[in-house]
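Here's the structure, in structure tokens; my notes come after.
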Amino acid sequence: MIEIKNVSKSFGDIEAVSGVSLTWKEENVFGLLGTNGAGKSTLLRMIAGVLKPDEGEILIDGDNVWDNPRAKSKIFYISDEQFFYPNTTAEKMAEIYKVYYPDFDQRRFRKFLLRFGLEGERKVQTYSKGMKKQLSLLLGLCSNVSYLLCDETFDGLDPVMRQGIKGIFAREIDEKGLTPVIASHNLRELEDICDHIGLLHKGGVLLSRDLGDLKLNLHKIQCVLPEEAEEHLRESLEILTMNRRGKLLTLTVRGSEEDILKRIGELKPVFMEVLPLSLEEIFISETEVVGYDIKNIIF
């Protein structure tokens, strides 16, 4: 379990992370969303033990991560800008990581290189940006750690490669109990893989919820009702958004689907249907409630 307790970090006059508290359980995929400058990378570096918080603490399975080799050995951090030693090869990088991660699986790493079409004896500096990201992911997966921290890791990968990596993540979670934490500015990129989503804005946590809970208790309804019934609808349901186009009402409503449909049904609608909600629509609705326009924050 990763526990982040009231963590803050400043660089001079710039407050990068402010009073962040989050708890992430094992064997789930966590998506950390936010624009550039929201504090995602700084938070990941503190979780990895690269940076020390000015305030608060970060625990990995109960151990404070700062200056703690045992806690750090459970984490592999993939930064947005990967570092590789000059003139080194993929095979050499595996040997280096084997020193820090004794459980590093070199045999599996070579199989991954073949599968992804990466040449193990080729100098990494000649790789493309996407190839370097693939290499970083493979090194992390073969380190056999409990927590894989990924900073904009899918950025630069083609769609086929992204889906392939996501498939590997799913298998690693099922077979080895891996817990990936994926930081991104792209909400759509995380929709099909994450179990829990956290939204950072200006160094603080704007929203942190299980994706299943978000989808279970939020529904999009289209209906045609008599105009006089609209006010009663507002009083009987927890409506987050309501838009009218001609006679057609589109609602985003919090609550159980059964109760929502029952209450609308009592108003004798001419037409009514439930539509699927995208993660983007869920976040727009949730953040508008607390006074933010996520369209100006993320997209």
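Labels for the structure tokens follow display order: chains A, B, ..., residues from 1 in each chain, ligands from 1.
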Worksheet entry | Residues within 6 Å of Asp195 (chain A), only C-alpha atoms, excluding chain neighbours under 3 positions, as a list in words | Asn28, Val29, Asp210 and Leu211 of chain A
The selected residues should be written to file as a PDB file, in the first residue's frame (atoms: N, CA and C atoms).
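File produced: out_31.pdb:
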ATOM      1  N   ASN A  28      -4.046  -2.663  -7.965  1.00  0.00           N
ATOM      2  CA  ASN A  28      -4.958  -1.799  -8.704  1.00  0.00           C
ATOM      3  C   ASN A  28      -4.125  -0.904  -9.615  1.00  0.00           C
ATOM      4  N   VAL A  29      -4.757  -0.377 -10.645  1.00  0.00           N
ATOM      5  CA  VAL A  29      -4.088   0.582 -11.518  1.00  0.00           C
ATOM      6  C   VAL A  29      -4.582   1.973 -11.139  1.00  0.00           C
ATOM      7  N   ASP A 210     -12.546   5.854  -6.660  1.00  0.00           N
ATOM      8  CA  ASP A 210     -12.537   4.608  -7.420  1.00  0.00           C
ATOM      9  C   ASP A 210     -13.404   4.790  -8.661  1.00  0.00           C
ATOM     10  N   LEU A 211     -12.895   4.308  -9.787  1.00  0.00           N
ATOM     11  CA  LEU A 211     -13.621   4.487 -11.043  1.00  0.00           C
ATOM     12  C   LEU A 211     -14.954   3.760 -11.017  1.00  0.00           C
TER      13      LEU A 211
END
Within 12 Å of region 72-77 of chain A: each region 84-120 of chain A residue with its shortest pair, only C-alpha atoms, as a Markdown table:
| residue | atom | partner | partner_atom | distance |
| --- | --- | --- | --- | --- |
| A:Tyr97 | CA | A:Phe76 | CA | 10.1 |
| A:Lys98 | CA | A:Ser73 | CA | 11.4 |
| A:Val99 | CA | A:Ser73 | CA | 11.0 |
| A:Tyr100 | CA | A:Ser73 | CA | 7.4 |
| A:Tyr101 | CA | A:Ser73 | CA | 6.6 |
| A:Pro102 | CA | A:Ser73 | CA | 9.2 |
| A:Asp103 | CA | A:Ser73 | CA | 10.0 |
| A:Phe104 | CA | A:Ser73 | CA | 11.1 |
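Each of A:Ile260, A:Arg254, A:Ile173, A:Ile182 was compared to Leu199 (chain A) using only C-alpha atoms, and A:Ile182 turns out to be the nearest.
Relative to CA of Arg115 (chain A), CA of Leu32 (chain A) is found at 28.8 Å.
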Discussion item. Report, in Å to a single decimal, how far apart CA of Met46 (chain A) and CA of Glu172 (chain A) are.
Written reply: 24.2 Å
Practice prompt. Give me the residues within 12 Å of His219 (chain A) as an MDAnalysis selection string, counting only C-alpha atoms and dropping any in the same chain fewer than 6 places off.
Written response: chainID A and resid 213 237:242 250:261 273:279 281:282 285:286
The selected residues should be written to file as a PDB file, in the first residue's frame (atoms: N, CA and C atoms).
ATOM      1  N   ASP A 213     -16.896   3.283  -8.434  1.00  0.00           N
ATOM      2  CA  ASP A 213     -17.855   4.075  -7.658  1.00  0.00           C
ATOM      3  C   ASP A 213     -18.374   5.252  -8.475  1.00  0.00           C
ATOM      4  N   LEU A 237     -34.464  14.851  -7.566  1.00  0.00           N
ATOM      5  CA  LEU A 237     -33.235  14.163  -7.927  1.00  0.00           C
ATOM      6  C   LEU A 237     -32.015  15.051  -7.683  1.00  0.00           C
ATOM      7  N   GLU A 238     -30.854  14.416  -7.468  1.00  0.00           N
ATOM      8  CA  GLU A 238     -29.606  15.169  -7.334  1.00  0.00           C
ATOM      9  C   GLU A 238     -28.997  15.331  -8.731  1.00  0.00           C
ATOM     10  N   ILE A 239     -29.399  16.399  -9.392  1.00  0.00           N
ATOM     11  CA  ILE A 239     -28.997  16.630 -10.774  1.00  0.00           C
ATOM     12  C   ILE A 239     -27.720  17.473 -10.804  1.00  0.00           C
ATOM     13  N   LEU A 240     -26.686  16.939 -11.477  1.00  0.00           N
ATOM     14  CA  LEU A 240     -25.429  17.663 -11.595  1.00  0.00           C
ATOM     15  C   LEU A 240     -25.437  18.583 -12.810  1.00  0.00           C
ATOM     16  N   THR A 241     -25.963  18.091 -13.924  1.00  0.00           N
ATOM     17  CA  THR A 241     -26.091  18.933 -15.118  1.00  0.00           C
ATOM     18  C   THR A 241     -27.435  18.655 -15.777  1.00  0.00           C
ATOM     19  N   MET A 242     -28.004  19.690 -16.392  1.00  0.00           N
ATOM     20  CA  MET A 242     -29.255  19.538 -17.126  1.00  0.00           C
ATOM     21  C   MET A 242     -29.206  20.434 -18.350  1.00  0.00           C
ATOM     22  N   THR A 250     -31.365  16.364 -21.348  1.00  0.00           N
ATOM     23  CA  THR A 250     -30.239  15.473 -21.063  1.00  0.00           C
ATOM     24  C   THR A 250     -29.746  15.780 -19.665  1.00  0.00           C
ATOM     25  N   LEU A 251     -29.787  14.779 -18.789  1.00  0.00           N
ATOM     26  CA  LEU A 251     -29.457  14.970 -17.384  1.00  0.00           C
ATOM     27  C   LEU A 251     -28.259  14.107 -16.991  1.00  0.00           C
ATOM     28  N   THR A 252     -27.429  14.647 -16.113  1.00  0.00           N
ATOM     29  CA  THR A 252     -26.434  13.836 -15.411  1.00  0.00           C
ATOM     30  C   THR A 252     -26.863  13.835 -13.955  1.00  0.00           C
ATOM     31  N   VAL A 253     -27.165  12.635 -13.430  1.00  0.00           N
ATOM     32  CA  VAL A 253     -27.807  12.524 -12.127  1.00  0.00           C
ATOM     33  C   VAL A 253     -27.002  11.579 -11.231  1.00  0.00           C
ATOM     34  N   ARG A 254     -26.847  11.973  -9.963  1.00  0.00           N
ATOM     35  CA  ARG A 254     -26.190  11.106  -8.991  1.00  0.00           C
ATOM     36  C   ARG A 254     -27.235  10.273  -8.250  1.00  0.00           C
ATOM     37  N   GLY A 255     -26.952   8.982  -8.070  1.00  0.00           N
ATOM     38  CA  GLY A 255     -27.865   8.105  -7.357  1.00  0.00           C
ATOM     39  C   GLY A 255     -27.942   6.749  -8.032  1.00  0.00           C
ATOM     40  N   SER A 256     -28.803   5.876  -7.517  1.00  0.00           N
ATOM     41  CA  SER A 256     -28.966   4.555  -8.121  1.00  0.00           C
ATOM     42  C   SER A 256     -29.809   4.668  -9.383  1.00  0.00           C
ATOM     43  N   GLU A 257     -29.468   3.872 -10.383  1.00  0.00           N
ATOM     44  CA  GLU A 257     -30.199   3.914 -11.652  1.00  0.00           C
ATOM     45  C   GLU A 257     -31.666   3.568 -11.449  1.00  0.00           C
ATOM     46  N   GLU A 258     -31.926   2.578 -10.592  1.00  0.00           N
ATOM     47  CA  GLU A 258     -33.297   2.149 -10.347  1.00  0.00           C
ATOM     48  C   GLU A 258     -34.139   3.278  -9.768  1.00  0.00           C
ATOM     49  N   ASP A 259     -33.590   3.991  -8.790  1.00  0.00           N
ATOM     50  CA  ASP A 259     -34.340   5.084  -8.156  1.00  0.00           C
ATOM     51  C   ASP A 259     -34.553   6.244  -9.124  1.00  0.00           C
ATOM     52  N   ILE A 260     -33.516   6.554  -9.917  1.00  0.00           N
ATOM     53  CA  ILE A 260     -33.621   7.661 -10.873  1.00  0.00           C
ATOM     54  C   ILE A 260     -34.723   7.386 -11.890  1.00  0.00           C
ATOM     55  N   LEU A 261     -34.716   6.186 -12.463  1.00  0.00           N
ATOM     56  CA  LEU A 261     -35.719   5.846 -13.480  1.00  0.00           C
ATOM     57  C   LEU A 261     -37.123   5.806 -12.886  1.00  0.00           C
ATOM     58  N   GLU A 273     -34.418   7.243 -21.823  1.00  0.00           N
ATOM     59  CA  GLU A 273     -33.395   6.209 -22.015  1.00  0.00           C
ATOM     60  C   GLU A 273     -32.149   6.553 -21.213  1.00  0.00           C
ATOM     61  N   VAL A 274     -31.399   5.520 -20.861  1.00  0.00           N
ATOM     62  CA  VAL A 274     -30.134   5.673 -20.144  1.00  0.00           C
ATOM     63  C   VAL A 274     -28.997   5.557 -21.147  1.00  0.00           C
ATOM     64  N   LEU A 275     -28.064   6.529 -21.120  1.00  0.00           N
ATOM     65  CA  LEU A 275     -26.927   6.541 -22.032  1.00  0.00           C
ATOM     66  C   LEU A 275     -25.639   6.247 -21.265  1.00  0.00           C
ATOM     67  N   PRO A 276     -24.658   5.617 -21.906  1.00  0.00           N
ATOM     68  CA  PRO A 276     -23.376   5.374 -21.227  1.00  0.00           C
ATOM     69  C   PRO A 276     -22.625   6.679 -21.002  1.00  0.00           C
ATOM     70  N   LEU A 277     -21.970   6.772 -19.855  1.00  0.00           N
ATOM     71  CA  LEU A 277     -21.165   7.947 -19.516  1.00  0.00           C
ATOM     72  C   LEU A 277     -19.700   7.645 -19.735  1.00  0.00           C
ATOM     73  N   SER A 278     -19.010   8.521 -20.450  1.00  0.00           N
ATOM     74  CA  SER A 278     -17.567   8.381 -20.590  1.00  0.00           C
ATOM     75  C   SER A 278     -16.896   8.917 -19.326  1.00  0.00           C
ATOM     76  N   LEU A 279     -15.637   8.532 -19.124  1.00  0.00           N
ATOM     77  CA  LEU A 279     -14.882   9.045 -17.980  1.00  0.00           C
ATOM     78  C   LEU A 279     -14.750  10.561 -18.065  1.00  0.00           C
ATOM     79  N   GLU A 281     -16.944  12.665 -19.285  1.00  0.00           N
ATOM     80  CA  GLU A 281     -18.204  13.263 -18.844  1.00  0.00           C
ATOM     81  C   GLU A 281     -18.351  13.170 -17.324  1.00  0.00           C
ATOM     82  N   ILE A 282     -17.911  12.061 -16.747  1.00  0.00           N
ATOM     83  CA  ILE A 282     -17.983  11.906 -15.294  1.00  0.00           C
ATOM     84  C   ILE A 282     -17.144  12.973 -14.605  1.00  0.00           C
ATOM     85  N   SER A 285     -18.635  16.481 -14.845  1.00  0.00           N
ATOM     86  CA  SER A 285     -19.750  16.647 -13.911  1.00  0.00           C
ATOM     87  C   SER A 285     -19.264  16.799 -12.479  1.00  0.00           C
ATOM     88  N   GLU A 286     -18.340  15.943 -12.051  1.00  0.00           N
ATOM     89  CA  GLU A 286     -17.859  15.964 -10.670  1.00  0.00           C
ATOM     90  C   GLU A 286     -17.112  17.258 -10.345  1.00  0.00           C
TER      91      GLU A 286
END
Worksheet item: Where in region 74-175 of chain A does DSSP assign strand (DSSP E or B), given as a PyMOL selection string?
Response: chain A and resi 75-78+89+123+147-151
Store the residues of this selection in a file with C-alpha atoms, as a PDB file, in the first residue's frame.
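Okay, part_32.pdb is ready:
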ATOM      1  CA  ILE A  75       9.512   0.715  -6.545  1.00  0.00           C
ATOM      2  CA  PHE A  76      10.580   1.241 -10.130  1.00  0.00           C
ATOM      3  CA  TYR A  77      10.203   4.824 -11.356  1.00  0.00           C
ATOM      4  CA  ILE A  78       9.959   5.629 -15.076  1.00  0.00           C
ATOM      5  CA  THR A  89      23.041  -0.943 -24.645  1.00  0.00           C
ATOM      6  CA  LYS A 123      23.245   1.530 -28.276  1.00  0.00           C
ATOM      7  CA  TYR A 147       5.014  -0.701  -7.568  1.00  0.00           C
ATOM      8  CA  LEU A 148       5.687   0.683 -11.044  1.00  0.00           C
ATOM      9  CA  LEU A 149       5.536   4.499 -11.255  1.00  0.00           C
ATOM     10  CA  CYS A 150       4.983   5.721 -14.803  1.00  0.00           C
ATOM     11  CA  ASP A 151       5.239   9.416 -15.708  1.00  0.00           C
TER      12      ASP A 151
END
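Among the candidates A:Leu267, A:Leu187, A:Met93, A:Leu233, the one nearest to Val124 (chain A) when counting only C-alpha atoms is A:Met93.
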Discussion item. With distances taken over only C-alpha atoms, which residue among A:Ser208, A:Ser136, A:Ala48, A:Phe112 lies nearest Glu81 (chain A)?
Written reply: A:Ser136
Those of region 70-283 of chain A in DSSP alpha helix (DSSP H), formatted as a CSV table (one decimal) with N, CA and C atoms, in the first residue's frame:
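See result_36.csv below for the written result:
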chain,number,residue,atom,x,y,z
A,70,ARG,N,15.1,-0.5,1.7
A,70,ARG,CA,14.2,-1.6,1.6
A,70,ARG,C,12.9,-1.1,0.9
A,71,ALA,N,12.4,0.1,1.3
A,71,ALA,CA,11.2,0.6,0.7
A,71,ALA,C,11.4,0.9,-0.8
A,72,LYS,N,12.5,1.5,-1.1
A,72,LYS,CA,12.8,1.9,-2.5
A,72,LYS,C,13.0,0.6,-3.4
A,90,ALA,N,20.9,-1.9,-24.3
A,90,ALA,CA,19.7,-2.4,-23.5
A,90,ALA,C,20.2,-3.6,-22.6
A,91,GLU,N,21.0,-4.5,-23.1
A,91,GLU,CA,21.6,-5.5,-22.3
A,91,GLU,C,22.4,-5.0,-21.1
A,92,LYS,N,23.2,-4.0,-21.3
A,92,LYS,CA,24.0,-3.4,-20.3
A,92,LYS,C,23.1,-2.8,-19.2
A,93,MET,N,22.0,-2.1,-19.7
A,93,MET,CA,21.1,-1.5,-18.7
A,93,MET,C,20.5,-2.5,-17.8
A,94,ALA,N,20.2,-3.7,-18.4
A,94,ALA,CA,19.6,-4.8,-17.6
A,94,ALA,C,20.6,-5.2,-16.5
A,95,GLU,N,21.9,-5.3,-16.9
A,95,GLU,CA,22.9,-5.7,-15.9
A,95,GLU,C,23.0,-4.7,-14.8
A,96,ILE,N,22.9,-3.4,-15.1
A,96,ILE,CA,23.0,-2.4,-14.1
A,96,ILE,C,21.8,-2.5,-13.1
A,97,TYR,N,20.6,-2.7,-13.7
A,97,TYR,CA,19.4,-2.8,-12.8
A,97,TYR,C,19.4,-4.0,-12.0
A,98,LYS,N,20.1,-5.1,-12.5
A,98,LYS,CA,20.2,-6.3,-11.7
A,98,LYS,C,21.0,-6.1,-10.4
A,99,VAL,N,21.9,-5.1,-10.3
A,99,VAL,CA,22.6,-4.7,-9.1
A,99,VAL,C,21.6,-4.2,-8.1
A,100,TYR,N,20.7,-3.3,-8.5
A,100,TYR,CA,19.8,-2.6,-7.6
A,100,TYR,C,18.5,-3.5,-7.3
A,106,GLN,N,16.5,-11.4,-16.2
A,106,GLN,CA,17.2,-11.1,-17.4
A,106,GLN,C,16.7,-12.0,-18.6
A,107,ARG,N,16.4,-13.3,-18.2
A,107,ARG,CA,15.9,-14.2,-19.3
A,107,ARG,C,14.6,-13.6,-19.8
A,108,ARG,N,13.7,-13.2,-19.0
A,108,ARG,CA,12.4,-12.7,-19.4
A,108,ARG,C,12.6,-11.4,-20.2
A,109,PHE,N,13.6,-10.6,-19.7
A,109,PHE,CA,13.9,-9.3,-20.4
A,109,PHE,C,14.3,-9.5,-21.8
A,110,ARG,N,15.1,-10.6,-22.1
A,110,ARG,CA,15.6,-10.9,-23.5
A,110,ARG,C,14.4,-11.3,-24.3
A,111,LYS,N,13.5,-12.1,-23.7
A,111,LYS,CA,12.3,-12.5,-24.5
A,111,LYS,C,11.4,-11.2,-24.9
A,112,PHE,N,11.3,-10.3,-23.9
A,112,PHE,CA,10.6,-9.1,-24.2
A,112,PHE,C,11.2,-8.3,-25.3
A,113,LEU,N,12.6,-8.2,-25.3
A,113,LEU,CA,13.3,-7.5,-26.4
A,113,LEU,C,12.9,-8.1,-27.7
A,114,LEU,N,12.9,-9.4,-27.8
A,114,LEU,CA,12.6,-10.0,-29.1
A,114,LEU,C,11.1,-9.7,-29.5
A,115,ARG,N,10.3,-9.8,-28.5
A,115,ARG,CA,8.8,-9.6,-28.8
A,115,ARG,C,8.6,-8.2,-29.3
A,116,PHE,N,9.3,-7.2,-28.7
A,116,PHE,CA,9.1,-5.8,-29.1
A,116,PHE,C,10.0,-5.3,-30.2
A,129,LYS,N,12.4,7.9,-29.6
A,129,LYS,CA,11.8,8.2,-28.3
A,129,LYS,C,10.8,7.1,-27.9
A,130,GLY,N,10.0,6.6,-28.8
A,130,GLY,CA,9.1,5.5,-28.5
A,130,GLY,C,9.8,4.2,-28.0
A,131,MET,N,10.9,3.9,-28.7
A,131,MET,CA,11.7,2.7,-28.3
A,131,MET,C,12.3,2.9,-27.0
A,132,LYS,N,12.7,4.1,-26.6
A,132,LYS,CA,13.3,4.3,-25.3
A,132,LYS,C,12.2,4.1,-24.2
A,133,LYS,N,11.0,4.6,-24.5
A,133,LYS,CA,9.9,4.4,-23.5
A,133,LYS,C,9.6,2.9,-23.4
A,134,GLN,N,9.6,2.2,-24.5
A,134,GLN,CA,9.4,0.7,-24.4
A,134,GLN,C,10.4,0.0,-23.6
A,135,LEU,N,11.7,0.4,-23.8
A,135,LEU,CA,12.8,-0.2,-23.0
A,135,LEU,C,12.6,0.1,-21.5
A,136,SER,N,12.3,1.3,-21.2
A,136,SER,CA,12.1,1.7,-19.8
A,136,SER,C,11.0,0.8,-19.1
A,137,LEU,N,9.9,0.6,-19.9
A,137,LEU,CA,8.8,-0.2,-19.4
A,137,LEU,C,9.2,-1.6,-19.2
A,138,LEU,N,10.0,-2.2,-20.1
A,138,LEU,CA,10.4,-3.5,-20.0
A,138,LEU,C,11.4,-3.7,-18.9
A,139,LEU,N,12.3,-2.8,-18.7
A,139,LEU,CA,13.2,-2.8,-17.5
A,139,LEU,C,12.4,-2.8,-16.2
A,140,GLY,N,11.4,-2.0,-16.1
A,140,GLY,CA,10.6,-1.9,-14.9
A,140,GLY,C,9.8,-3.2,-14.7
A,141,LEU,N,9.2,-3.7,-15.7
A,141,LEU,CA,8.4,-5.0,-15.6
A,141,LEU,C,9.3,-6.1,-15.1
A,142,CYS,N,10.5,-6.2,-15.7
A,142,CYS,CA,11.4,-7.3,-15.4
A,142,CYS,C,12.2,-7.1,-14.1
A,159,PRO,N,-0.6,3.5,-31.0
A,159,PRO,CA,-1.8,2.9,-30.4
A,159,PRO,C,-1.6,1.4,-30.2
A,160,VAL,N,-1.0,0.7,-31.1
A,160,VAL,CA,-0.9,-0.8,-31.0
A,160,VAL,C,0.0,-1.1,-29.8
A,161,MET,N,1.1,-0.3,-29.7
A,161,MET,CA,2.1,-0.6,-28.6
A,161,MET,C,1.4,-0.2,-27.2
A,162,ARG,N,0.6,0.9,-27.2
A,162,ARG,CA,0.0,1.2,-25.9
A,162,ARG,C,-1.0,0.1,-25.5
A,163,GLN,N,-1.7,-0.5,-26.4
A,163,GLN,CA,-2.6,-1.5,-26.0
A,163,GLN,C,-1.8,-2.8,-25.6
A,164,GLY,N,-0.7,-3.0,-26.2
A,164,GLY,CA,0.1,-4.2,-25.8
A,164,GLY,C,0.7,-4.0,-24.4
A,165,ILE,N,1.1,-2.8,-24.1
A,165,ILE,CA,1.6,-2.5,-22.7
A,165,ILE,C,0.5,-2.7,-21.7
A,166,LYS,N,-0.6,-2.2,-22.0
A,166,LYS,CA,-1.8,-2.3,-21.1
A,166,LYS,C,-2.1,-3.7,-20.8
A,167,GLY,N,-2.0,-4.5,-21.9
A,167,GLY,CA,-2.3,-6.0,-21.7
A,167,GLY,C,-1.3,-6.6,-20.8
A,168,ILE,N,0.0,-6.2,-20.9
A,168,ILE,CA,1.0,-6.8,-20.1
A,168,ILE,C,0.8,-6.4,-18.6
A,169,PHE,N,0.4,-5.1,-18.4
A,169,PHE,CA,0.1,-4.6,-17.1
A,169,PHE,C,-1.0,-5.5,-16.5
A,170,ALA,N,-2.1,-5.8,-17.2
A,170,ALA,CA,-3.2,-6.5,-16.7
A,170,ALA,C,-2.7,-7.9,-16.3
A,171,ARG,N,-1.9,-8.5,-17.1
A,171,ARG,CA,-1.4,-9.9,-16.7
A,171,ARG,C,-0.4,-9.8,-15.5
A,172,GLU,N,0.4,-8.8,-15.4
A,172,GLU,CA,1.3,-8.7,-14.3
A,172,GLU,C,0.5,-8.4,-13.0
A,173,ILE,N,-0.6,-7.7,-13.0
A,173,ILE,CA,-1.4,-7.5,-11.9
A,173,ILE,C,-2.0,-8.8,-11.4
A,174,ASP,N,-2.5,-9.6,-12.4
A,174,ASP,CA,-3.2,-10.9,-12.1
A,174,ASP,C,-2.2,-11.9,-11.6
A,175,GLU,N,-1.0,-12.0,-12.2
A,175,GLU,CA,-0.1,-13.0,-11.9
A,175,GLU,C,0.9,-12.7,-10.8
A,176,LYS,N,1.3,-11.4,-10.7
A,176,LYS,CA,2.4,-11.1,-9.8
A,176,LYS,C,2.0,-10.0,-8.8
A,187,LEU,N,-6.9,12.2,-20.1
A,187,LEU,CA,-7.9,11.4,-19.4
A,187,LEU,C,-8.3,10.2,-20.2
A,188,ARG,N,-8.4,10.4,-21.5
A,188,ARG,CA,-8.9,9.2,-22.4
A,188,ARG,C,-7.9,8.1,-22.4
A,189,GLU,N,-6.6,8.4,-22.2
A,189,GLU,CA,-5.6,7.4,-22.2
A,189,GLU,C,-5.8,6.4,-21.0
A,190,LEU,N,-6.4,6.9,-19.9
A,190,LEU,CA,-6.4,6.0,-18.7
A,190,LEU,C,-7.8,5.3,-18.5
A,211,LEU,N,-12.9,4.3,-9.8
A,211,LEU,CA,-13.6,4.5,-11.0
A,211,LEU,C,-15.0,3.8,-11.0
A,212,GLY,N,-15.0,2.6,-10.4
A,212,GLY,CA,-16.2,1.8,-10.3
A,212,GLY,C,-17.3,2.6,-9.5
A,213,ASP,N,-16.9,3.3,-8.4
A,213,ASP,CA,-17.9,4.1,-7.7
A,213,ASP,C,-18.4,5.3,-8.5
A,214,LEU,N,-17.5,5.9,-9.2
A,214,LEU,CA,-17.9,7.0,-10.0
A,214,LEU,C,-18.9,6.6,-11.1
A,215,LYS,N,-18.7,5.5,-11.7
A,215,LYS,CA,-19.6,5.0,-12.8
A,215,LYS,C,-20.9,4.4,-12.2
A,216,LEU,N,-20.8,3.8,-11.0
A,216,LEU,CA,-22.0,3.2,-10.4
A,216,LEU,C,-23.0,4.2,-10.0
A,230,GLU,N,-40.4,19.8,-15.1
A,230,GLU,CA,-38.9,20.0,-14.9
A,230,GLU,C,-38.5,20.5,-13.5
A,231,GLU,N,-39.3,21.4,-12.9
A,231,GLU,CA,-39.0,21.9,-11.6
A,231,GLU,C,-39.2,20.8,-10.6
A,232,HIS,N,-40.2,19.9,-10.7
A,232,HIS,CA,-40.3,18.8,-9.8
A,232,HIS,C,-39.1,17.8,-9.9
A,233,LEU,N,-38.6,17.7,-11.1
A,233,LEU,CA,-37.4,16.8,-11.4
A,233,LEU,C,-36.2,17.4,-10.6
A,234,ARG,N,-36.0,18.7,-10.6
A,234,ARG,CA,-34.9,19.3,-9.8
A,234,ARG,C,-35.0,19.0,-8.3
A,235,GLU,N,-36.2,19.0,-7.8
A,235,GLU,CA,-36.5,18.8,-6.4
A,235,GLU,C,-36.3,17.4,-6.0
A,236,SER,N,-36.6,16.4,-6.9
A,236,SER,CA,-36.7,15.0,-6.5
A,236,SER,C,-35.4,14.3,-6.7
A,257,GLU,N,-29.5,3.9,-10.4
A,257,GLU,CA,-30.2,3.9,-11.7
A,257,GLU,C,-31.7,3.6,-11.4
A,258,GLU,N,-31.9,2.6,-10.6
A,258,GLU,CA,-33.3,2.1,-10.3
A,258,GLU,C,-34.1,3.3,-9.8
A,259,ASP,N,-33.6,4.0,-8.8
A,259,ASP,CA,-34.3,5.1,-8.2
A,259,ASP,C,-34.6,6.2,-9.1
A,260,ILE,N,-33.5,6.6,-9.9
A,260,ILE,CA,-33.6,7.7,-10.9
A,260,ILE,C,-34.7,7.4,-11.9
A,261,LEU,N,-34.7,6.2,-12.5
A,261,LEU,CA,-35.7,5.8,-13.5
A,261,LEU,C,-37.1,5.8,-12.9
A,262,LYS,N,-37.2,5.4,-11.6
A,262,LYS,CA,-38.5,5.3,-11.0
A,262,LYS,C,-39.1,6.7,-10.8
A,263,ARG,N,-38.2,7.7,-10.4
A,263,ARG,CA,-38.7,9.0,-10.1
A,263,ARG,C,-39.1,9.8,-11.4
A,264,ILE,N,-38.3,9.5,-12.4
A,264,ILE,CA,-38.6,10.2,-13.7
A,264,ILE,C,-39.9,9.5,-14.3
A,265,GLY,N,-40.0,8.2,-14.1
A,265,GLY,CA,-41.2,7.5,-14.6
A,265,GLY,C,-42.5,8.0,-14.0
A,279,LEU,N,-15.6,8.5,-19.1
A,279,LEU,CA,-14.9,9.0,-18.0
A,279,LEU,C,-14.7,10.6,-18.1
A,280,GLU,N,-14.6,11.1,-19.3
A,280,GLU,CA,-14.5,12.5,-19.5
A,280,GLU,C,-15.8,13.2,-18.9
A,281,GLU,N,-16.9,12.7,-19.3
A,281,GLU,CA,-18.2,13.3,-18.8
A,281,GLU,C,-18.4,13.2,-17.3
A,282,ILE,N,-17.9,12.1,-16.7
A,282,ILE,CA,-18.0,11.9,-15.3
A,282,ILE,C,-17.1,13.0,-14.6
A,283,PHE,N,-15.9,13.2,-15.1
A,283,PHE,CA,-15.0,14.2,-14.5
A,283,PHE,C,-15.6,15.6,-14.6
Response to the item:
Between A:Gly37, A:Gly117, A:Pro53, A:Gly198, smallest distance to Thr23 (chain A) by only C-alpha atoms belongs to A:Gly198
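Of the residues listed (A:Gly39, A:Pro86, A:Pro69, A:Gly19), A:Gly19 shows the shortest atom-to-atom separation from Asp54 (chain A); distances use only C-alpha atoms.
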Discussion item. Just to confirm, what's the straight-line distance from CA of Gly177 (chain A) to CA of Glu27 (chain A) in Å (one decimal)?
Written reply: 5.1 Å
